[in-house]
Each structure stands twice: as C-alpha cells, then as structure tokens.
file work_34.txt (compact mmCIF, N, CA and C atoms)
# COMPACT_ATOMS: atom_id res chain seq x y z
N MET A 1 -36.99 15.87 -53.96
CA MET A 1 -37.58 16.89 -53.11
C MET A 1 -38.71 17.60 -53.82
N ARG A 2 -38.50 17.90 -55.09
CA ARG A 2 -39.51 18.61 -55.86
C ARG A 2 -40.75 17.74 -56.06
N VAL A 3 -40.54 16.43 -56.23
CA VAL A 3 -41.65 15.50 -56.41
C VAL A 3 -42.50 15.43 -55.14
N VAL A 4 -41.84 15.43 -53.99
CA VAL A 4 -42.55 15.39 -52.71
C VAL A 4 -43.39 16.65 -52.54
N SER A 5 -42.84 17.79 -52.87
CA SER A 5 -43.59 19.05 -52.77
C SER A 5 -44.79 19.04 -53.71
N LEU A 6 -44.58 18.58 -54.92
CA LEU A 6 -45.67 18.51 -55.89
C LEU A 6 -46.77 17.57 -55.42
N MET A 7 -46.39 16.43 -54.87
CA MET A 7 -47.37 15.47 -54.37
C MET A 7 -48.15 16.05 -53.19
N SER A 8 -47.46 16.77 -52.32
CA SER A 8 -48.13 17.39 -51.17
C SER A 8 -49.16 18.41 -51.64
N VAL A 9 -48.80 19.23 -52.59
CA VAL A 9 -49.72 20.23 -53.12
C VAL A 9 -50.90 19.55 -53.80
N LEU A 10 -50.65 18.50 -54.54
CA LEU A 10 -51.71 17.76 -55.22
C LEU A 10 -52.67 17.12 -54.22
N CYS A 11 -52.13 16.53 -53.17
CA CYS A 11 -52.99 15.93 -52.14
C CYS A 11 -53.84 16.99 -51.44
N ALA A 12 -53.25 18.13 -51.15
CA ALA A 12 -53.99 19.22 -50.52
C ALA A 12 -55.11 19.72 -51.43
N ALA A 13 -54.82 19.84 -52.71
CA ALA A 13 -55.84 20.30 -53.66
C ALA A 13 -56.99 19.30 -53.76
N ILE A 14 -56.68 18.03 -53.78
CA ILE A 14 -57.74 17.01 -53.85
C ILE A 14 -58.58 17.03 -52.58
N THR A 15 -57.93 17.17 -51.45
CA THR A 15 -58.66 17.22 -50.18
C THR A 15 -59.59 18.41 -50.14
N LEU A 16 -59.11 19.58 -50.54
CA LEU A 16 -59.95 20.77 -50.53
C LEU A 16 -61.09 20.67 -51.54
N ALA A 17 -60.83 20.06 -52.67
CA ALA A 17 -61.87 19.92 -53.69
C ALA A 17 -62.99 19.00 -53.21
N SER A 18 -62.68 18.05 -52.33
CA SER A 18 -63.70 17.14 -51.85
C SER A 18 -64.59 17.76 -50.79
N CYS A 19 -64.17 18.88 -50.22
CA CYS A 19 -64.96 19.57 -49.20
C CYS A 19 -65.94 20.52 -49.89
N GLN A 20 -67.14 20.04 -50.11
CA GLN A 20 -68.14 20.87 -50.76
C GLN A 20 -69.24 21.19 -49.77
N THR A 21 -69.74 22.40 -49.85
CA THR A 21 -70.85 22.78 -48.99
C THR A 21 -72.14 22.73 -49.80
N MET A 22 -73.23 22.61 -49.10
CA MET A 22 -74.53 22.56 -49.77
C MET A 22 -75.00 23.98 -50.06
N THR A 23 -75.67 24.15 -51.18
CA THR A 23 -76.29 25.44 -51.47
C THR A 23 -77.53 25.56 -50.59
N PRO A 24 -78.03 26.76 -50.38
CA PRO A 24 -79.26 26.91 -49.59
C PRO A 24 -80.42 26.09 -50.15
N GLU A 25 -80.50 26.00 -51.46
CA GLU A 25 -81.59 25.22 -52.07
C GLU A 25 -81.43 23.74 -51.77
N GLU A 26 -80.20 23.24 -51.84
CA GLU A 26 -79.96 21.82 -51.52
C GLU A 26 -80.24 21.54 -50.05
N ARG A 27 -79.84 22.46 -49.19
CA ARG A 27 -80.09 22.28 -47.75
C ARG A 27 -81.59 22.27 -47.46
N ARG A 28 -82.32 23.18 -48.11
CA ARG A 28 -83.77 23.23 -47.90
C ARG A 28 -84.43 21.94 -48.37
N ALA A 29 -84.00 21.44 -49.54
CA ALA A 29 -84.56 20.19 -50.06
C ALA A 29 -84.25 19.03 -49.11
N ALA A 30 -83.04 19.00 -48.57
CA ALA A 30 -82.69 17.93 -47.63
C ALA A 30 -83.51 18.04 -46.34
N ASP A 31 -83.71 19.27 -45.87
CA ASP A 31 -84.52 19.47 -44.66
C ASP A 31 -85.96 19.05 -44.90
N GLU A 32 -86.50 19.42 -46.05
CA GLU A 32 -87.87 19.03 -46.37
C GLU A 32 -87.99 17.51 -46.47
N ALA A 33 -86.98 16.87 -47.06
CA ALA A 33 -87.00 15.40 -47.15
C ALA A 33 -86.96 14.77 -45.76
N THR A 34 -86.17 15.37 -44.87
CA THR A 34 -86.10 14.87 -43.50
C THR A 34 -87.46 14.98 -42.82
N CYS A 35 -88.10 16.14 -42.95
CA CYS A 35 -89.41 16.35 -42.32
C CYS A 35 -90.47 15.44 -42.94
N ARG A 36 -90.42 15.26 -44.26
CA ARG A 36 -91.36 14.33 -44.89
C ARG A 36 -91.12 12.91 -44.38
N GLY A 37 -89.87 12.58 -44.13
CA GLY A 37 -89.53 11.27 -43.57
C GLY A 37 -90.11 11.08 -42.18
N TYR A 38 -90.28 12.18 -41.45
CA TYR A 38 -90.91 12.11 -40.14
C TYR A 38 -92.42 12.03 -40.23
N GLY A 39 -92.97 12.22 -41.45
CA GLY A 39 -94.41 12.09 -41.65
C GLY A 39 -95.15 13.41 -41.79
N PHE A 40 -94.44 14.54 -41.85
CA PHE A 40 -95.11 15.83 -42.00
C PHE A 40 -95.48 16.07 -43.45
N LYS A 41 -96.61 16.72 -43.66
CA LYS A 41 -97.09 17.03 -45.01
C LYS A 41 -96.68 18.45 -45.39
N ALA A 42 -96.32 18.62 -46.68
CA ALA A 42 -95.90 19.93 -47.18
C ALA A 42 -97.03 20.95 -47.04
N GLY A 43 -96.68 22.17 -46.67
CA GLY A 43 -97.66 23.25 -46.57
C GLY A 43 -98.41 23.31 -45.26
N THR A 44 -98.08 22.46 -44.30
CA THR A 44 -98.78 22.48 -43.01
C THR A 44 -97.94 23.22 -41.98
N ASP A 45 -98.61 23.62 -40.90
CA ASP A 45 -97.90 24.28 -39.80
C ASP A 45 -96.88 23.34 -39.17
N ALA A 46 -97.22 22.07 -39.10
CA ALA A 46 -96.30 21.10 -38.51
C ALA A 46 -95.02 20.99 -39.35
N MET A 47 -95.15 21.03 -40.67
CA MET A 47 -93.97 20.99 -41.55
C MET A 47 -93.13 22.24 -41.34
N ALA A 48 -93.77 23.40 -41.23
CA ALA A 48 -93.04 24.65 -41.00
C ALA A 48 -92.30 24.59 -39.67
N ARG A 49 -92.94 24.03 -38.66
CA ARG A 49 -92.30 23.90 -37.34
C ARG A 49 -91.10 22.95 -37.40
N CYS A 50 -91.25 21.87 -38.14
CA CYS A 50 -90.15 20.91 -38.30
C CYS A 50 -88.96 21.59 -38.97
N LEU A 51 -89.22 22.33 -40.04
CA LEU A 51 -88.14 23.03 -40.75
C LEU A 51 -87.47 24.07 -39.84
N LEU A 52 -88.29 24.77 -39.05
CA LEU A 52 -87.76 25.75 -38.11
C LEU A 52 -86.87 25.08 -37.07
N ASP A 53 -87.34 23.95 -36.53
CA ASP A 53 -86.56 23.25 -35.52
C ASP A 53 -85.21 22.77 -36.08
N ILE A 54 -85.22 22.28 -37.30
CA ILE A 54 -83.97 21.84 -37.92
C ILE A 54 -83.02 23.02 -38.08
N ASP A 55 -83.54 24.16 -38.53
CA ASP A 55 -82.70 25.35 -38.71
C ASP A 55 -82.16 25.85 -37.37
N LEU A 56 -82.99 25.87 -36.35
CA LEU A 56 -82.53 26.32 -35.03
C LEU A 56 -81.47 25.38 -34.47
N ASP A 57 -81.65 24.08 -34.68
CA ASP A 57 -80.65 23.11 -34.22
C ASP A 57 -79.32 23.34 -34.95
N ARG A 58 -79.39 23.59 -36.24
CA ARG A 58 -78.18 23.82 -37.03
C ARG A 58 -77.45 25.07 -36.54
N ARG A 59 -78.20 26.12 -36.25
CA ARG A 59 -77.58 27.36 -35.77
C ARG A 59 -76.97 27.18 -34.38
N ALA A 60 -77.67 26.44 -33.52
CA ALA A 60 -77.14 26.19 -32.17
C ALA A 60 -75.86 25.36 -32.25
N GLU A 61 -75.83 24.38 -33.14
CA GLU A 61 -74.63 23.58 -33.32
C GLU A 61 -73.47 24.43 -33.83
N ALA A 62 -73.76 25.36 -34.74
CA ALA A 62 -72.71 26.24 -35.27
C ALA A 62 -72.16 27.13 -34.16
N ARG A 63 -73.04 27.65 -33.30
CA ARG A 63 -72.58 28.48 -32.18
C ARG A 63 -71.74 27.66 -31.21
N SER A 64 -72.18 26.44 -30.95
CA SER A 64 -71.45 25.56 -30.04
C SER A 64 -70.07 25.23 -30.61
N TRP A 65 -70.01 24.93 -31.90
CA TRP A 65 -68.73 24.62 -32.54
C TRP A 65 -67.80 25.83 -32.47
N GLN A 66 -68.33 27.01 -32.73
CA GLN A 66 -67.52 28.23 -32.68
C GLN A 66 -66.98 28.46 -31.28
N GLN A 67 -67.81 28.23 -30.27
CA GLN A 67 -67.37 28.42 -28.89
C GLN A 67 -66.27 27.43 -28.53
N ARG A 68 -66.41 26.17 -28.97
CA ARG A 68 -65.37 25.18 -28.71
C ARG A 68 -64.05 25.58 -29.38
N GLN A 69 -64.14 26.11 -30.60
CA GLN A 69 -62.92 26.55 -31.28
C GLN A 69 -62.28 27.71 -30.54
N ASN A 70 -63.09 28.65 -30.10
CA ASN A 70 -62.56 29.80 -29.36
C ASN A 70 -61.92 29.35 -28.05
N ASP A 71 -62.58 28.42 -27.36
CA ASP A 71 -62.03 27.93 -26.10
C ASP A 71 -60.70 27.22 -26.32
N MET A 72 -60.59 26.49 -27.41
CA MET A 72 -59.39 25.71 -27.66
C MET A 72 -58.21 26.60 -28.06
N PHE A 73 -58.46 27.61 -28.90
CA PHE A 73 -57.36 28.40 -29.44
C PHE A 73 -57.09 29.69 -28.69
N PHE A 74 -58.07 30.22 -28.02
CA PHE A 74 -57.89 31.53 -27.39
C PHE A 74 -58.04 31.49 -25.89
N ARG A 75 -57.87 30.31 -25.30
CA ARG A 75 -58.05 30.20 -23.86
C ARG A 75 -56.87 30.87 -23.16
N GLN A 76 -57.20 31.86 -22.40
CA GLN A 76 -56.19 32.55 -21.60
C GLN A 76 -56.78 32.73 -20.22
N PRO A 77 -55.96 32.61 -19.21
CA PRO A 77 -56.51 32.78 -17.86
C PRO A 77 -56.94 34.23 -17.63
N VAL A 78 -57.98 34.38 -16.88
CA VAL A 78 -58.46 35.70 -16.53
C VAL A 78 -57.83 36.08 -15.19
N VAL A 79 -57.13 37.19 -15.17
CA VAL A 79 -56.47 37.65 -13.96
C VAL A 79 -57.14 38.94 -13.52
N ILE A 80 -57.64 38.91 -12.31
CA ILE A 80 -58.27 40.11 -11.75
C ILE A 80 -57.34 40.63 -10.67
N GLU A 81 -56.99 41.88 -10.77
CA GLU A 81 -56.03 42.46 -9.84
C GLU A 81 -56.67 43.64 -9.14
N ARG A 82 -56.50 43.68 -7.86
CA ARG A 82 -56.98 44.82 -7.09
C ARG A 82 -55.88 45.22 -6.13
N ARG A 83 -55.38 46.38 -6.32
CA ARG A 83 -54.29 46.85 -5.47
C ARG A 83 -54.84 47.37 -4.14
N VAL A 84 -54.15 46.98 -3.10
CA VAL A 84 -54.53 47.43 -1.77
C VAL A 84 -53.36 48.24 -1.23
N ILE A 85 -53.63 49.47 -0.86
CA ILE A 85 -52.59 50.35 -0.33
C ILE A 85 -52.76 50.39 1.18
N VAL A 86 -51.70 50.02 1.87
CA VAL A 86 -51.74 49.98 3.33
C VAL A 86 -50.87 51.12 3.87
N GLN A 87 -51.45 51.93 4.73
CA GLN A 87 -50.71 53.03 5.35
C GLN A 87 -50.79 52.90 6.85
N LYS A 88 -49.69 53.30 7.50
CA LYS A 88 -49.70 53.30 8.97
C LYS A 88 -50.52 54.50 9.43
N SER A 89 -51.36 54.27 10.40
CA SER A 89 -52.10 55.41 10.95
C SER A 89 -51.27 56.04 12.06
N SER A 90 -51.34 57.36 12.14
CA SER A 90 -50.48 58.05 13.11
C SER A 90 -51.13 58.21 14.45

call {"tool": "encode", "arguments": {"input": "work_34.txt", "output": "structure tokens"}}
result
Amino acid sequence: MRVVSLMSVLCAAITLASCQTMTPEERRAADEATCRGYGFKAGTDAMARCLLDIDLDRRAEARSWQQRQNDMFFRQPVVIERRVIVQKSS
C-alpha cells in the first residue's frame, strides 16, 4: 500500500514538472519567429501588427477557455420568479 502511494506521488510530481510555461521573453521570441516565418521584417509596422494579432488571438483564446470552464463547472439554471397576487373584486 505504501509503495502504491509513493508511486502515485512520484508520478504526479513528474507530471507537474513536465508542465512548464514560457517566460514572456520566450513567448515574444516565438511570436517574432512566427511573424518572420510569415515574411514580416523586424521593425516594420507590419511586424508590429502581426505581433499584436498573435497577442489578441492568445487573449481571446484564454477568455474562451475560461468561459468554457465556467460553463462546465458552474452551470446552474437561471430561475426567474414573479409572484402574481390575485384578489377577488367586490
């Protein structure tokens, strides 16, 4: 039992260690390489626009992912209630 627990913890640690995020500098270099691959030259307005488009796409994807997560985990029906009081008229 103890060996199984130890192996589970070890597997979890290895999995988490493999999940690395890019630093802002690495992301910028990758974005610049992508734009250069499209044929844009460094220091031009077209290159700046390409970098901006990549950043906007990344942000939109992050918002979309967050919305999907919220929809999946926090979906609750919306109930609107309006009470109607009925009285006999004399």

call {"tool": "atom_distance", "arguments": {"input": "work_34.txt", "atom1": "atom CA of Leu51 of chain A", "atom2": "atom C of Trp65 of chain A"}}
result
22.1 Å

call {"tool": "atom_distance", "arguments": {"input": "work_34.txt", "atom1": "atom CA of Gly43 of chain A", "atom2": "atom CA of Ala60 of chain A"}}
result
25.2 Å

call {"tool": "atom_distance", "arguments": {"input": "work_34.txt", "atom1": "atom C of Tyr38 of chain A", "atom2": "atom C of Asp57 of chain A"}}
result
18.1 Å

call {"tool": "residues_around", "arguments": {"input": "work_34.txt", "residues": "Asp31 of chain A", "least_positions_apart": "4", "cutoff": "8 Å", "atoms": "only N, CA and C atoms", "output": "PyMOL selection string"}}
result
chain A and resi 25-27+35-37+50-51+54-55
